[in-house]
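First the structure, in the form of C-alpha cells, and then the observations on it.
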Amino acid sequence: MQTPLPLIALATWSLAATVSAQDSATPVVAEAVRSTAARAATNFIAAAEEMPADKYGFKPTPGQMSFGDVIGHMAAGNDALCSSIGGVAPPKRSAVGAQKAKLVARLRETFQFCESALAKVNDSRLGENVSYFGQDASRAQVMVAAAEEWAGHYSQLAVYLRLNGLLPPTARR
C-alpha cells in the first residue's frame, strides 16, 4: 500500500522542522528528496519507453495533455524545480518536439540534471527562500512540490498506459 501524498508532505515538513531544530547539517530531508528523484527518474523513463511512439499523442479526453505532453512538461518542470532546489541556473535547452525518442532523451537529460543539482543540497538551508515559478518559497517547500509533481504526473502516465492496455512500470513484479 502506498502512503498518500499529503501524509508524505506533512511528514517531510515535520521531519524538516525536527532536523532544523537538532542538527541542520544532517542531510535527512535532502537525502529523501534525492532518493525520490532517483525513483521518479527510473519510473518516468520506463513509462516513457513503454508507451509506443504512435501513442504519444494519446489523451483520455480532449481537455487533457497527451502522453507526450506530460513527458515534455515533466522535463521542463525538472529543470525548473531542481535548479531552484539546488541553487543553480537551469540549463538552456532547445525544443525537442513531440517525437518519442527525443522526448525520452530529454527526460533522461533533465533527471541527470536533477541528480547533479540535488547532489550538494543538505538540510542546513531548508528554510531559505528560493524562486518557485516566480514566487518566493522555502527550499523545503520546493522539495515537497517536486515530490508531488513526480508522484502526480507519474500516476497520470500510469493511467494513460493502462488505458492503452499496457502495465505501468511500478505495477510489474
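The way I read the labels, and the way they are meant: chains A, B, ... in the order of the C-alpha cells, residue 1 as the first residue of every chain, and ligand 1 as the first ligand shown, with later ones counted on from there.
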Discussion item. Quick one: residues within 6 Å of segment 135-147 of chain A, only C-alpha atoms, excluding same-chain residues fewer than 6 positions away - as JSON, numbers by chain?
Written reply: {"A": [85, 126, 127, 128, 129]}
Discussion item. Neighbouring residues of Thr42 of chain A were defined as those with any atom within 10 Å, considering only C-alpha atoms; residues of the same chain fewer than 6 positions away were excluded. Please report them as a PyMOL selection string.
Written reply: chain A and resi 36+108+111+169-170
Item to complete: List every residue of segment 82-153 of chain A that DSSP, applied to the backbone of this structure, places in strand (DSSP E), and write the result as an NGL selection string.
Response: :A and (129-132 or 135-138)
Take the selection from the previous step and output its residues with N, CA and C atoms, as a PDB file, in the first residue's frame.
ATOM      1  N   ASN A 129      14.656  31.089   1.308  1.00  0.00           N
ATOM      2  CA  ASN A 129      13.733  31.340   0.202  1.00  0.00           C
ATOM      3  C   ASN A 129      14.437  31.154  -1.127  1.00  0.00           C
ATOM      4  N   VAL A 130      13.751  30.491  -2.033  1.00  0.00           N
ATOM      5  CA  VAL A 130      14.220  30.297  -3.404  1.00  0.00           C
ATOM      6  C   VAL A 130      13.074  30.660  -4.330  1.00  0.00           C
ATOM      7  N   SER A 131      13.356  30.810  -5.591  1.00  0.00           N
ATOM      8  CA  SER A 131      12.316  31.133  -6.557  1.00  0.00           C
ATOM      9  C   SER A 131      11.559  29.870  -6.944  1.00  0.00           C
ATOM     10  N   TYR A 132      10.249  29.978  -6.907  1.00  0.00           N
ATOM     11  CA  TYR A 132       9.377  28.861  -7.264  1.00  0.00           C
ATOM     12  C   TYR A 132       8.365  29.381  -8.273  1.00  0.00           C
ATOM     13  N   GLN A 135       7.617  32.964  -7.655  1.00  0.00           N
ATOM     14  CA  GLN A 135       7.218  33.258  -6.272  1.00  0.00           C
ATOM     15  C   GLN A 135       8.359  32.873  -5.336  1.00  0.00           C
ATOM     16  N   ASP A 136       8.349  33.447  -4.147  1.00  0.00           N
ATOM     17  CA  ASP A 136       9.290  33.024  -3.122  1.00  0.00           C
ATOM     18  C   ASP A 136       8.698  31.855  -2.351  1.00  0.00           C
ATOM     19  N   ALA A 137       9.519  30.853  -2.093  1.00  0.00           N
ATOM     20  CA  ALA A 137       9.109  29.696  -1.300  1.00  0.00           C
ATOM     21  C   ALA A 137      10.349  29.160  -0.608  1.00  0.00           C
ATOM     22  N   SER A 138      10.153  28.463   0.501  1.00  0.00           N
ATOM     23  CA  SER A 138      11.311  27.869   1.158  1.00  0.00           C
ATOM     24  C   SER A 138      11.825  26.722   0.293  1.00  0.00           C
TER      25      SER A 138
END
Item to complete: Name all residues at most 12 Å from Ala89 of chain A (count only C-alpha atoms; drop same-chain ones fewer than 2 positions away) and give them as a list in words.
Response: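 Once the adjacent positions are removed, what remains is Asp79, Ala80, Leu81, Cys82, Ser83, Ser84, Ile85, Gly86, Gly87, Pro91, Lys92, Phe113, Cys114, Ser116, Ala117, Val130 and Ser131 of chain A.
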Written selection (N, CA, C and O atoms) as a PDB file, in the first residue's frame:
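Saved result, selection-v5.pdb, follows:
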ATOM      1  N   ASP A  79      13.828  20.717 -14.809  1.00  0.00           N
ATOM      2  CA  ASP A  79      14.845  21.769 -14.878  1.00  0.00           C
ATOM      3  C   ASP A  79      14.507  22.912 -13.933  1.00  0.00           C
ATOM      4  O   ASP A  79      15.373  23.410 -13.210  1.00  0.00           O
ATOM      5  N   ALA A  80      13.241  23.331 -13.921  1.00  0.00           N
ATOM      6  CA  ALA A  80      12.832  24.452 -13.077  1.00  0.00           C
ATOM      7  C   ALA A  80      12.918  24.100 -11.595  1.00  0.00           C
ATOM      8  O   ALA A  80      13.490  24.853 -10.796  1.00  0.00           O
ATOM      9  N   LEU A  81      12.353  22.973 -11.210  1.00  0.00           N
ATOM     10  CA  LEU A  81      12.325  22.594  -9.799  1.00  0.00           C
ATOM     11  C   LEU A  81      13.716  22.282  -9.256  1.00  0.00           C
ATOM     12  O   LEU A  81      14.092  22.764  -8.183  1.00  0.00           O
ATOM     13  N   CYS A  82      14.475  21.494  -9.981  1.00  0.00           N
ATOM     14  CA  CYS A  82      15.788  21.077  -9.478  1.00  0.00           C
ATOM     15  C   CYS A  82      16.789  22.234  -9.467  1.00  0.00           C
ATOM     16  O   CYS A  82      17.642  22.294  -8.579  1.00  0.00           O
ATOM     17  N   SER A  83      16.673  23.165 -10.404  1.00  0.00           N
ATOM     18  CA  SER A  83      17.568  24.328 -10.365  1.00  0.00           C
ATOM     19  C   SER A  83      17.236  25.190  -9.159  1.00  0.00           C
ATOM     20  O   SER A  83      18.138  25.697  -8.482  1.00  0.00           O
ATOM     21  N   SER A  84      15.958  25.333  -8.849  1.00  0.00           N
ATOM     22  CA  SER A  84      15.540  26.110  -7.690  1.00  0.00           C
ATOM     23  C   SER A  84      16.027  25.465  -6.393  1.00  0.00           C
ATOM     24  O   SER A  84      16.612  26.130  -5.542  1.00  0.00           O
ATOM     25  N   ILE A  85      15.804  24.175  -6.253  1.00  0.00           N
ATOM     26  CA  ILE A  85      16.223  23.454  -5.054  1.00  0.00           C
ATOM     27  C   ILE A  85      17.739  23.495  -4.905  1.00  0.00           C
ATOM     28  O   ILE A  85      18.266  23.743  -3.827  1.00  0.00           O
ATOM     29  N   GLY A  86      18.443  23.250  -6.005  1.00  0.00           N
ATOM     30  CA  GLY A  86      19.900  23.160  -5.957  1.00  0.00           C
ATOM     31  C   GLY A  86      20.610  24.501  -5.951  1.00  0.00           C
ATOM     32  O   GLY A  86      21.823  24.560  -5.728  1.00  0.00           O
ATOM     33  N   GLY A  87      19.882  25.580  -6.218  1.00  0.00           N
ATOM     34  CA  GLY A  87      20.504  26.897  -6.249  1.00  0.00           C
ATOM     35  C   GLY A  87      21.437  27.073  -7.427  1.00  0.00           C
ATOM     36  O   GLY A  87      22.442  27.763  -7.329  1.00  0.00           O
ATOM     37  N   PRO A  91      19.469  24.659 -17.095  1.00  0.00           N
ATOM     38  CA  PRO A  91      20.113  24.570 -18.409  1.00  0.00           C
ATOM     39  C   PRO A  91      19.256  25.256 -19.477  1.00  0.00           C
ATOM     40  O   PRO A  91      18.034  25.284 -19.372  1.00  0.00           O
ATOM     41  N   LYS A  92      19.899  25.791 -20.461  1.00  0.00           N
ATOM     42  CA  LYS A  92      19.177  26.340 -21.615  1.00  0.00           C
ATOM     43  C   LYS A  92      19.068  25.199 -22.621  1.00  0.00           C
ATOM     44  O   LYS A  92      20.063  24.652 -23.054  1.00  0.00           O
ATOM     45  N   PHE A 113      20.255  16.126 -14.794  1.00  0.00           N
ATOM     46  CA  PHE A 113      20.458  17.462 -14.240  1.00  0.00           C
ATOM     47  C   PHE A 113      19.979  17.514 -12.788  1.00  0.00           C
ATOM     48  O   PHE A 113      20.662  18.067 -11.919  1.00  0.00           O
ATOM     49  N   CYS A 114      18.815  16.924 -12.516  1.00  0.00           N
ATOM     50  CA  CYS A 114      18.304  16.898 -11.146  1.00  0.00           C
ATOM     51  C   CYS A 114      19.304  16.207 -10.215  1.00  0.00           C
ATOM     52  O   CYS A 114      19.576  16.695  -9.113  1.00  0.00           O
ATOM     53  N   SER A 116      22.525  15.986 -10.467  1.00  0.00           N
ATOM     54  CA  SER A 116      23.682  16.846 -10.181  1.00  0.00           C
ATOM     55  C   SER A 116      23.280  18.080  -9.377  1.00  0.00           C
ATOM     56  O   SER A 116      24.017  18.506  -8.492  1.00  0.00           O
ATOM     57  N   ALA A 117      22.107  18.658  -9.648  1.00  0.00           N
ATOM     58  CA  ALA A 117      21.662  19.848  -8.922  1.00  0.00           C
ATOM     59  C   ALA A 117      21.360  19.537  -7.462  1.00  0.00           C
ATOM     60  O   ALA A 117      21.576  20.376  -6.580  1.00  0.00           O
ATOM     61  N   VAL A 130      13.751  30.491  -2.033  1.00  0.00           N
ATOM     62  CA  VAL A 130      14.220  30.297  -3.404  1.00  0.00           C
ATOM     63  C   VAL A 130      13.074  30.660  -4.330  1.00  0.00           C
ATOM     64  O   VAL A 130      11.929  30.791  -3.898  1.00  0.00           O
ATOM     65  N   SER A 131      13.356  30.810  -5.591  1.00  0.00           N
ATOM     66  CA  SER A 131      12.316  31.133  -6.557  1.00  0.00           C
ATOM     67  C   SER A 131      11.559  29.870  -6.944  1.00  0.00           C
ATOM     68  O   SER A 131      12.158  28.847  -7.263  1.00  0.00           O
TER      69      SER A 131
END
Item to complete: Write out as an NGL selection string each polymer residue whose atoms come within 10 Å of His73 of chain A, counting only C-alpha atoms; drop sequence neighbours fewer than 6 positions from it.
Response: :A and (65 or 67 or 107 or 153)
Fill in: Between atom CA of Pro168 of chain A and atom CA of Asp54 of chain A, distance in Å (one decimal)
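Separating atom CA of Pro168 of chain A from atom CA of Asp54 of chain A is a distance of 17.3 Å.
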Item to complete: Quick one: pull the distance between atom CA of Ser124 of chain A and atom CA of Val88 of chain A, Å, one decimal.
Response: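 So the two atoms, atom CA of Ser124 of chain A and atom CA of Val88 of chain A, lie 16.7 Å apart.
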Worksheet item: So which one's closest to Ala38 of chain A, A:Ala119, A:Ala101, A:Ala53, A:Ala95? Using only C-alpha atoms, please.
Response: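 The closest residue to Ala38 of chain A is A:Ala119.
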Practice prompt. Can you list, as JSON, numbers by chain, all residues belonging to chain A that DSSP tags as helix (DSSP H, G or I)?
Written response: {"A": [5, 6, 7, 8, 9, 10, 11, 12, 13, 14, 15, 16, 17, 18, 19, 20, 21, 22, 28, 29, 30, 31, 32, 33, 34, 35, 36, 37, 38, 39, 40, 41, 42, 43, 44, 45, 46, 47, 48, 49, 50, 53, 54, 55, 67, 68, 69, 70, 71, 72, 73, 74, 75, 76, 77, 78, 79, 80, 81, 82, 83, 84, 85, 86, 100, 101, 102, 103, 104, 105, 106, 107, 108, 109, 110, 111, 112, 113, 114, 115, 116, 117, 118, 123, 124, 125, 139, 140, 141, 142, 143, 144, 145, 146, 147, 148, 149, 150, 151, 152, 153, 154, 155, 156, 157, 158, 159, 160, 161, 162, 163, 169, 170, 171]}
Store the residues of this selection in a file with C-alpha atoms, as a CSV table (one decimal), in the first residue's frame.
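So again39.csv came out as:
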chain,number,residue,atom,x,y,z
A,5,LEU,CA,1.0,12.2,-0.8
A,6,PRO,CA,-0.5,14.7,1.8
A,7,LEU,CA,0.9,12.5,4.6
A,8,ILE,CA,4.3,12.4,2.9
A,9,ALA,CA,4.3,16.2,2.7
A,10,LEU,CA,3.3,16.5,6.3
A,11,ALA,CA,5.9,14.0,7.4
A,12,THR,CA,8.6,15.8,5.3
A,13,TRP,CA,7.6,19.2,6.8
A,14,SER,CA,7.7,17.7,10.3
A,15,LEU,CA,11.0,16.0,9.7
A,16,ALA,CA,12.4,19.2,8.3
A,17,ALA,CA,11.4,21.1,11.4
A,18,THR,CA,12.9,18.4,13.6
A,19,VAL,CA,16.1,18.2,11.7
A,20,SER,CA,16.4,22.0,11.7
A,21,ALA,CA,15.9,22.2,15.4
A,22,GLN,CA,18.5,19.5,16.1
A,28,VAL,CA,17.9,13.6,6.1
A,29,VAL,CA,15.4,15.6,4.0
A,30,ALA,CA,17.8,16.3,1.2
A,31,GLU,CA,18.6,12.6,1.0
A,32,ALA,CA,14.9,11.7,1.0
A,33,VAL,CA,14.4,14.1,-2.0
A,34,ARG,CA,17.4,12.7,-3.8
A,35,SER,CA,16.1,9.2,-3.3
A,36,THR,CA,12.6,10.2,-4.5
A,37,ALA,CA,14.1,11.9,-7.6
A,38,ALA,CA,16.1,8.7,-8.4
A,39,ARG,CA,13.0,6.6,-8.1
A,40,ALA,CA,11.0,9.1,-10.2
A,41,ALA,CA,13.6,9.0,-12.9
A,42,THR,CA,13.5,5.2,-13.1
A,43,ASN,CA,9.7,5.1,-13.2
A,44,PHE,CA,9.2,8.0,-15.6
A,45,ILE,CA,11.8,6.8,-18.1
A,46,ALA,CA,10.5,3.3,-18.0
A,47,ALA,CA,6.9,4.6,-18.6
A,48,ALA,CA,8.1,6.8,-21.4
A,49,GLU,CA,9.9,3.9,-23.0
A,50,GLU,CA,6.8,1.6,-22.5
A,53,ALA,CA,5.7,6.1,-30.3
A,54,ASP,CA,2.3,6.1,-32.1
A,55,LYS,CA,0.5,6.6,-28.8
A,67,PHE,CA,1.1,11.3,-23.1
A,68,GLY,CA,3.9,13.1,-24.9
A,69,ASP,CA,2.8,16.5,-23.5
A,70,VAL,CA,3.2,15.1,-20.0
A,71,ILE,CA,6.7,13.8,-20.7
A,72,GLY,CA,7.7,17.3,-22.1
A,73,HIS,CA,6.0,19.0,-19.2
A,74,MET,CA,7.9,16.9,-16.7
A,75,ALA,CA,11.2,17.5,-18.5
A,76,ALA,CA,10.7,21.3,-18.3
A,77,GLY,CA,9.5,21.0,-14.7
A,78,ASN,CA,12.6,19.0,-13.7
A,79,ASP,CA,14.8,21.8,-14.9
A,80,ALA,CA,12.8,24.5,-13.1
A,81,LEU,CA,12.3,22.6,-9.8
A,82,CYS,CA,15.8,21.1,-9.5
A,83,SER,CA,17.6,24.3,-10.4
A,84,SER,CA,15.5,26.1,-7.7
A,85,ILE,CA,16.2,23.5,-5.1
A,86,GLY,CA,19.9,23.2,-6.0
A,100,LYS,CA,9.2,9.8,-28.6
A,101,ALA,CA,12.9,9.3,-29.0
A,102,LYS,CA,13.7,12.9,-28.5
A,103,LEU,CA,11.3,13.3,-25.5
A,104,VAL,CA,12.7,10.2,-23.8
A,105,ALA,CA,16.3,11.5,-24.3
A,106,ARG,CA,15.3,15.0,-22.9
A,107,LEU,CA,13.6,13.4,-19.9
A,108,ARG,CA,16.8,11.5,-19.2
A,109,GLU,CA,18.8,14.7,-19.5
A,110,THR,CA,16.6,16.5,-17.1
A,111,PHE,CA,16.7,13.8,-14.5
A,112,GLN,CA,20.5,13.7,-14.8
A,113,PHE,CA,20.5,17.5,-14.2
A,114,CYS,CA,18.3,16.9,-11.1
A,115,GLU,CA,20.8,14.4,-9.8
A,116,SER,CA,23.7,16.8,-10.2
A,117,ALA,CA,21.7,19.8,-8.9
A,118,LEU,CA,20.5,18.0,-5.8
A,123,ASP,CA,19.3,20.3,5.3
A,124,SER,CA,21.1,23.3,6.7
A,125,ARG,CA,19.4,25.6,4.2
A,139,ARG,CA,13.7,25.3,-0.3
A,140,ALA,CA,11.8,22.7,1.7
A,141,GLN,CA,8.5,23.7,0.1
A,142,VAL,CA,10.0,23.3,-3.4
A,143,MET,CA,11.5,19.9,-2.4
A,144,VAL,CA,8.0,18.8,-1.4
A,145,ALA,CA,6.5,20.3,-4.5
A,146,ALA,CA,8.9,18.4,-6.7
A,147,ALA,CA,8.0,15.1,-5.0
A,148,GLU,CA,4.3,16.0,-5.5
A,149,GLU,CA,4.9,16.7,-9.2
A,150,TRP,CA,6.7,13.5,-9.7
A,151,ALA,CA,4.1,11.4,-8.0
A,152,GLY,CA,1.1,13.2,-9.6
A,153,HIS,CA,2.4,13.1,-13.2
A,154,TYR,CA,3.7,9.5,-12.9
A,155,SER,CA,0.2,8.4,-11.8
A,156,GLN,CA,-1.2,10.2,-14.8
A,157,LEU,CA,1.2,8.3,-17.1
A,158,ALA,CA,0.3,5.1,-15.4
A,159,VAL,CA,-3.4,5.6,-16.2
A,160,TYR,CA,-2.6,6.5,-19.8
A,161,LEU,CA,-0.6,3.3,-20.1
A,162,ARG,CA,-3.4,1.2,-18.6
A,163,LEU,CA,-5.9,2.8,-20.9
A,169,PRO,CA,6.5,0.0,-14.6
A,170,THR,CA,5.5,0.2,-10.9
A,171,ALA,CA,2.8,-2.4,-11.4
Worksheet item: Distance atom CA of Met51 of chain A-atom CA of Arg172 of chain A, one decimal place?
Response: 14.8 Å
Practice prompt. Using only C-alpha atoms, pick whichever of A:Pro62, A:Pro27, A:Pro52, A:Gly97 has the shortest atom-to-atom distance to Asn164 of chain A.
Written response: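 Closest candidate: A:Pro52.
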